[in-house]
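For reference, upload.txt (compact mmCIF, C-alpha atoms and all ligand atoms):
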```txt
# COMPACT_ATOMS: atom_id res chain seq x y z
CA MET A 1 99.65 87.26 118.89
CA GLN A 2 100.68 83.76 117.96
CA ILE A 3 97.49 81.70 118.18
CA LEU A 4 97.11 77.94 118.03
CA ALA A 5 93.68 77.01 116.68
CA VAL A 6 92.76 73.40 117.40
CA GLU A 7 89.88 72.36 115.16
CA ASP A 8 89.25 69.15 113.23
CA GLU A 9 86.59 70.55 110.89
CA ALA A 10 88.30 72.07 107.86
CA ALA A 11 85.65 74.73 107.19
CA MET A 12 85.70 75.94 110.80
CA ALA A 13 89.52 75.87 110.86
CA ASP A 14 89.60 78.02 107.70
CA LEU A 15 87.12 80.46 109.22
CA LEU A 16 89.17 80.80 112.42
CA ARG A 17 92.39 81.18 110.48
CA SER A 18 91.06 83.93 108.23
CA ALA A 19 89.21 85.83 110.98
CA LEU A 20 92.26 85.83 113.26
CA SER A 21 94.73 86.57 110.45
CA ASP A 22 92.61 89.57 109.45
CA GLU A 23 93.12 90.89 112.99
CA GLY A 24 96.88 90.62 112.53
CA HIS A 25 97.45 87.38 114.42
CA LEU A 26 99.74 84.60 113.27
CA VAL A 27 97.67 81.41 113.26
CA THR A 28 98.81 77.81 113.40
CA VAL A 29 96.18 75.09 113.02
CA ALA A 30 96.22 71.67 114.67
CA THR A 31 93.56 69.16 113.65
CA ASN A 32 93.74 66.71 116.54
CA GLY A 33 94.62 66.61 120.22
CA GLN A 34 98.00 64.97 119.72
CA GLN A 35 99.21 67.73 117.39
CA ALA A 36 97.72 70.36 119.70
CA LEU A 37 99.69 69.05 122.69
CA ALA A 38 102.95 68.82 120.74
CA LEU A 39 102.63 72.38 119.45
CA ALA A 40 101.28 73.96 122.66
CA ARG A 41 104.06 72.41 124.75
CA THR A 42 106.60 74.50 122.84
CA GLY A 43 105.16 77.38 124.90
CA ARG A 44 105.38 79.80 122.01
CA PHE A 45 101.67 80.54 121.67
CA ASP A 46 99.90 83.45 123.31
CA LEU A 47 96.48 81.84 123.05
CA LEU A 48 94.88 78.49 122.28
CA VAL A 49 91.48 78.34 120.61
CA LEU A 50 90.40 74.81 121.43
CA ASP A 51 87.57 72.72 120.04
CA LEU A 52 86.37 70.11 122.54
CA MET A 53 85.27 67.28 120.24
CA LEU A 54 88.46 66.13 118.56
CA PRO A 55 89.56 62.77 117.20
CA GLY A 56 91.81 60.90 119.64
CA ILE A 57 92.66 63.08 122.61
CA ASP A 58 89.71 65.43 123.13
CA GLY A 59 89.83 69.09 124.09
CA PHE A 60 89.14 68.44 127.78
CA GLU A 61 92.21 66.18 127.93
CA VAL A 62 94.35 68.65 125.96
CA ALA A 63 93.57 71.40 128.48
CA ARG A 64 94.11 69.06 131.44
CA GLN A 65 97.47 67.79 130.19
CA LEU A 66 98.76 71.27 129.38
CA ARG A 67 97.85 72.59 132.83
CA ARG A 68 99.37 69.52 134.45
CA GLY A 69 102.56 70.27 132.48
CA HIS A 70 102.50 73.89 133.76
CA ILE A 71 101.73 75.35 130.33
CA GLN A 72 99.67 78.41 131.30
CA THR A 73 98.79 79.66 127.81
CA PRO A 74 95.24 81.09 127.94
CA ILE A 75 92.65 78.72 126.45
CA LEU A 76 89.41 79.77 124.78
CA VAL A 77 87.20 76.73 124.24
CA LEU A 78 84.86 76.53 121.24
CA THR A 79 82.24 73.90 121.54
CA ALA A 80 79.04 72.65 120.00
CA ARG A 81 78.26 71.09 123.39
CA ASP A 82 76.27 73.62 125.37
CA ARG A 83 75.24 71.40 128.26
CA SER A 84 76.29 73.09 131.46
CA GLN A 85 78.23 70.06 132.70
CA ASP A 86 80.46 70.18 129.59
CA ILE A 87 81.16 73.85 130.10
CA VAL A 88 81.93 73.26 133.76
CA ALA A 89 84.19 70.32 132.84
CA ALA A 90 86.08 72.45 130.27
CA LEU A 91 86.64 75.28 132.73
CA ASP A 92 87.68 72.81 135.45
CA ALA A 93 90.11 71.20 132.99
CA GLY A 94 91.90 74.53 132.69
CA ALA A 95 90.07 76.54 130.01
CA ASP A 96 89.81 80.28 130.65
CA ASP A 97 86.62 80.96 128.70
CA TYR A 98 84.25 79.24 126.29
CA LEU A 99 81.99 80.04 123.37
CA THR A 100 79.29 77.72 122.05
CA LYS A 101 78.92 77.09 118.31
CA PRO A 102 77.40 78.62 116.29
CA PHE A 103 78.80 81.98 117.35
CA SER A 104 79.14 85.41 115.81
CA LEU A 105 82.63 86.30 114.64
CA ASP A 106 82.45 89.67 116.40
CA VAL A 107 81.75 87.96 119.71
CA PHE A 108 84.51 85.42 119.06
CA LEU A 109 87.09 88.16 118.36
CA ALA A 110 85.98 90.08 121.46
CA ARG A 111 86.45 86.94 123.56
CA VAL A 112 89.90 86.45 122.05
CA ARG A 113 90.82 89.98 123.10
CA ALA A 114 89.38 89.49 126.58
CA VAL A 115 91.08 86.16 127.23
CA SER A 116 94.41 87.43 126.01
CA ARG A 117 94.14 90.50 128.25
CA ARG A 118 93.45 88.26 131.24
CA GLY A 119 96.23 85.87 130.34
CA GLU A 120 99.52 85.97 132.13
CA ILE A 121 102.12 88.26 130.69
CA PRO A 122 104.45 85.68 129.15
CA GLN A 123 107.77 85.38 130.90
CA ALA A 124 110.40 87.17 128.90
CA VAL A 125 112.99 84.78 127.62
CA CYS A 126 116.17 86.14 126.16
CA LEU A 127 117.80 83.67 123.79
CA GLU A 128 121.40 84.29 122.82
CA THR A 129 123.79 82.69 120.34
CA ALA A 130 127.06 84.22 119.17
CA GLY A 131 125.93 87.83 119.52
CA LEU A 132 122.50 87.11 118.09
CA SER A 133 119.83 87.75 120.69
CA LEU A 134 116.08 87.33 120.66
CA ASN A 135 113.68 88.56 123.33
CA THR A 136 110.42 86.60 123.34
CA ALA A 137 108.49 89.30 125.22
CA THR A 138 109.36 92.22 122.99
CA ARG A 139 110.13 90.06 119.92
CA ALA A 140 113.22 92.21 119.44
CA VAL A 141 116.08 90.58 117.56
CA THR A 142 119.57 92.02 117.47
CA ARG A 143 122.96 90.90 116.17
CA SER A 144 125.91 92.50 117.96
CA GLY A 145 123.46 95.10 119.28
CA ARG A 146 122.19 96.04 115.83
CA PRO A 147 118.40 95.64 115.45
CA ILE A 148 117.17 93.14 112.87
CA LEU A 149 113.68 93.48 111.44
CA LEU A 150 111.94 90.18 110.77
CA THR A 151 108.52 89.30 109.40
CA PRO A 152 106.27 87.30 111.80
CA ARG A 153 107.11 84.00 110.09
CA GLU A 154 110.84 84.72 109.97
CA TYR A 155 110.66 85.56 113.67
CA SER A 156 108.82 82.31 114.50
CA LEU A 157 111.34 80.31 112.51
CA LEU A 158 114.27 81.94 114.28
CA GLU A 159 112.67 81.55 117.72
CA LEU A 160 112.06 77.85 117.03
CA LEU A 161 115.68 77.30 115.96
CA MET A 162 117.06 79.29 118.90
CA ARG A 163 114.88 77.48 121.44
CA HIS A 164 116.37 74.24 120.16
CA LYS A 165 119.92 75.51 119.84
CA GLY A 166 122.42 72.81 118.93
CA ARG A 167 119.71 70.36 117.92
CA VAL A 168 118.88 69.32 114.39
CA LEU A 169 115.23 69.98 113.57
CA SER A 170 113.79 67.97 110.72
CA ARG A 171 112.10 69.75 107.84
CA SER A 172 108.72 68.27 108.80
CA VAL A 173 108.99 69.40 112.44
CA ILE A 174 109.86 72.93 111.33
CA VAL A 175 107.09 73.10 108.72
CA GLU A 176 104.49 71.72 111.15
CA SER A 177 105.46 74.15 113.91
CA ILE A 178 105.57 77.22 111.70
CA TRP A 179 102.87 76.59 109.11
CA GLY A 180 100.66 74.03 110.87
CA PHE A 181 99.82 70.44 110.15
CA ASP A 182 97.03 71.05 107.67
CA THR A 183 99.07 73.32 105.42
CA GLU A 184 100.56 72.15 102.18
CA ILE A 185 103.54 74.33 101.37
CA GLU A 186 105.85 74.09 98.40
CA GLU A 187 108.89 71.91 98.97
CA ASN A 188 111.24 74.86 98.65
CA THR A 189 109.26 77.37 100.76
CA LEU A 190 111.16 76.47 103.91
CA ASP A 191 114.52 76.81 102.12
CA ALA A 192 113.44 80.23 100.83
CA PHE A 193 112.57 81.38 104.37
CA ILE A 194 115.88 80.06 105.72
CA ARG A 195 117.70 81.98 102.98
CA LEU A 196 115.88 85.22 103.88
CA LEU A 197 116.60 84.67 107.56
CA ARG A 198 120.30 83.99 106.93
CA ASN A 199 120.57 87.15 104.86
CA LYS A 200 119.21 89.13 107.79
CA ILE A 201 121.05 87.54 110.72
CA GLU A 202 124.34 86.51 109.16
CA VAL A 203 125.77 89.91 108.38
CA ALA A 204 128.77 90.04 106.08
CA GLY A 205 131.84 88.54 107.67
CA SER A 206 130.04 87.11 110.70
CA PRO A 207 130.07 83.34 111.20
CA ARG A 208 127.26 81.18 109.89
CA LEU A 209 124.73 80.21 112.57
CA ILE A 210 122.06 78.26 110.69
CA ARG A 211 123.44 75.03 109.31
CA THR A 212 121.85 72.90 106.63
CA VAL A 213 121.85 69.24 107.61
CA ARG A 214 121.54 67.46 104.28
CA GLY A 215 118.58 65.14 103.93
CA ILE A 216 117.26 66.08 107.39
CA GLY A 217 116.72 69.74 108.10
CA TYR A 218 118.34 72.67 109.86
CA SER A 219 120.17 73.46 113.05
CA LEU A 220 121.19 76.69 114.75
CA ALA A 221 124.38 76.47 116.77
CA GLU A 222 127.37 78.37 118.06
CA PRO A 223 129.85 78.75 115.20
CA GLU A 224 132.69 76.25 115.21
CA PRO A 225 136.01 77.79 116.30
CA CA B 301 85.24 68.97 116.42
```

Have the structure of the file written as structure tokens, please.
Ligand code: CA
Amino acid sequence: MQILAVEDEAAMADLLRSALSDEGHLVTVATNGQQALALARTGRFDLLVLDLMLPGIDGFEVARQLRRGHIQTPILVLTARDRSQDIVAALDAGADDYLTKPFSLDVFLARVRAVSRRGEIPQAVCLETAGLSLNTATRAVTRSGRPILLTPREYSLLELLMRHKGRVLSRSVIVESIWGFDTEIEENTLDAFIRLLRNKIEVAGSPRLIRTVRGIGYSLAEPEP
């Protein structure tokens, strides 16, 4: 699953990232409510793990705003606040389940499995550009009907570009959506991933789909006639 972990404490964020990655999930970390809303609104996450006490917009407000915006991604709240009124407020704000800190990792991972089972089956979206198609439910990618095998990060990068077809995405927006806000990646890591992706989707002779926009970022668009 693609999981957005919203946690402002670095040690806890690292713990969540490693525990979930070990289970095979792709984890993006947001460290405040503003980032969490921006990322969650893309609708590409299967689960949000949400801390309640965050700088700026708190977890209650994040859940409330997402539900108001019809983002139905399942939310598992992690909180140091174990007063019953806080738990009630979190569930009323739109959270699906909660766990109070400190918690055992085994219990946390079991809750993640349970919440994701209960969550809605995400609506399949089929994105299509010039014979390249991507199905968000099955994560199948094909070009002219030929299957293309992508790593989880390559897939996320392609889905992001295809969801914003025709728009130029800045390097920082792409890096933040794919690697998370708290991640320092090498300057050329993104370019390396774009190169790998192009090699896989732009088969010999077929038109170029991912364009480099110098000084800004990248854009995926229908090839020019
Ligand atoms: Ca916190």

Just want the residues within 6 Å of ligand CA 301 (chain B), written as a CSV table (one decimal) with C-alpha atoms, keeping the file's coordinate frame, counting only C-alpha atoms and all ligand atoms.
```csv
chain,number,residue,atom,x,y,z
A,7,GLU,CA,89.9,72.4,115.2
A,8,ASP,CA,89.2,69.2,113.2
A,9,GLU,CA,86.6,70.6,110.9
A,51,ASP,CA,87.6,72.7,120.0
A,53,MET,CA,85.3,67.3,120.2
A,54,LEU,CA,88.5,66.1,118.6
```

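Between atom CA of Arg83 of chain A and atom CA of Ala63 of chain A the interatomic distance comes to 18.3 Å.
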
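Shortest separation to Ala11 of chain A among A:Tyr155, A:Arg163, A:Thr31, A:Leu48 occurs at residue A:Thr31, atoms counted being only C-alpha atoms.
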
Spatial neighbours of segment 15-27 of chain A, max dist 6 Å, all atoms listed in the file, sep filter under 4 positions, as a ChimeraX atom specification: /A:1-4

Segment 78-141 of chain A near segment 165-178 of chain A within 10 Å: what's each residue's closest atom pair and its distance in Å to one decimal, counting all atoms listed in the file, ordered by chain then ascending residue number, as JSON lines?
```
{"residue": "A:Leu127", "atom": "CA", "partner": "A:Lys165", "partner_atom": "CA", "distance": 9.3}
{"residue": "A:Glu128", "atom": "CA", "partner": "A:Lys165", "partner_atom": "CA", "distance": 9.4}
{"residue": "A:Thr129", "atom": "CA", "partner": "A:Lys165", "partner_atom": "CA", "distance": 8.2}
```

Rounded to one decimal, what separation in Å do you get between atom CA of Ser206 of chain A and atom CA of Thr189 of chain A?
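Taking atom CA of Ser206 of chain A and atom CA of Thr189 of chain A, their separation equals 25.0 Å.
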
Atom CA of Val107 of chain A to atom CA of Ile71 of chain A measures 25.9 Å

Between A:Val112, A:Leu50, A:Leu190, A:Val125, which one has atoms that come closest to Gly94 of chain A, using all atoms listed in the file?
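Of A:Val112, A:Leu50, A:Leu190, A:Val125, the one nearest Gly94 of chain A is A:Leu50, counting all atoms listed in the file.
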
Which protein, DNA or RNA residues have an atom at most 9 Å from (107.4, 78.7, 122.9), counting only C-alpha atoms? List them as a PDB file with C-alpha atoms, in the coordinates of the input.
```
ATOM      1  CA  LEU A  39     102.630  72.380 119.450  1.00  0.00           C
ATOM      2  CA  ALA A  40     101.280  73.960 122.660  1.00  0.00           C
ATOM      3  CA  ARG A  41     104.060  72.410 124.750  1.00  0.00           C
ATOM      4  CA  THR A  42     106.600  74.500 122.840  1.00  0.00           C
ATOM      5  CA  GLY A  43     105.160  77.380 124.900  1.00  0.00           C
ATOM      6  CA  ARG A  44     105.380  79.800 122.010  1.00  0.00           C
ATOM      7  CA  PHE A  45     101.670  80.540 121.670  1.00  0.00           C
ATOM      8  CA  ASP A  46      99.900  83.450 123.310  1.00  0.00           C
ATOM      9  CA  THR A 136     110.420  86.600 123.340  1.00  0.00           C
ATOM     10  CA  GLU A 159     112.670  81.550 117.720  1.00  0.00           C
ATOM     11  CA  LEU A 160     112.060  77.850 117.030  1.00  0.00           C
ATOM     12  CA  ARG A 163     114.880  77.480 121.440  1.00  0.00           C
TER      13      ARG A 163
END
```

Using all atoms listed in the file, the shortest atom-to-atom distance to Leu149 of chain A among A:Arg68, A:Lys200, A:Arg214, A:Arg81 belongs to A:Lys200
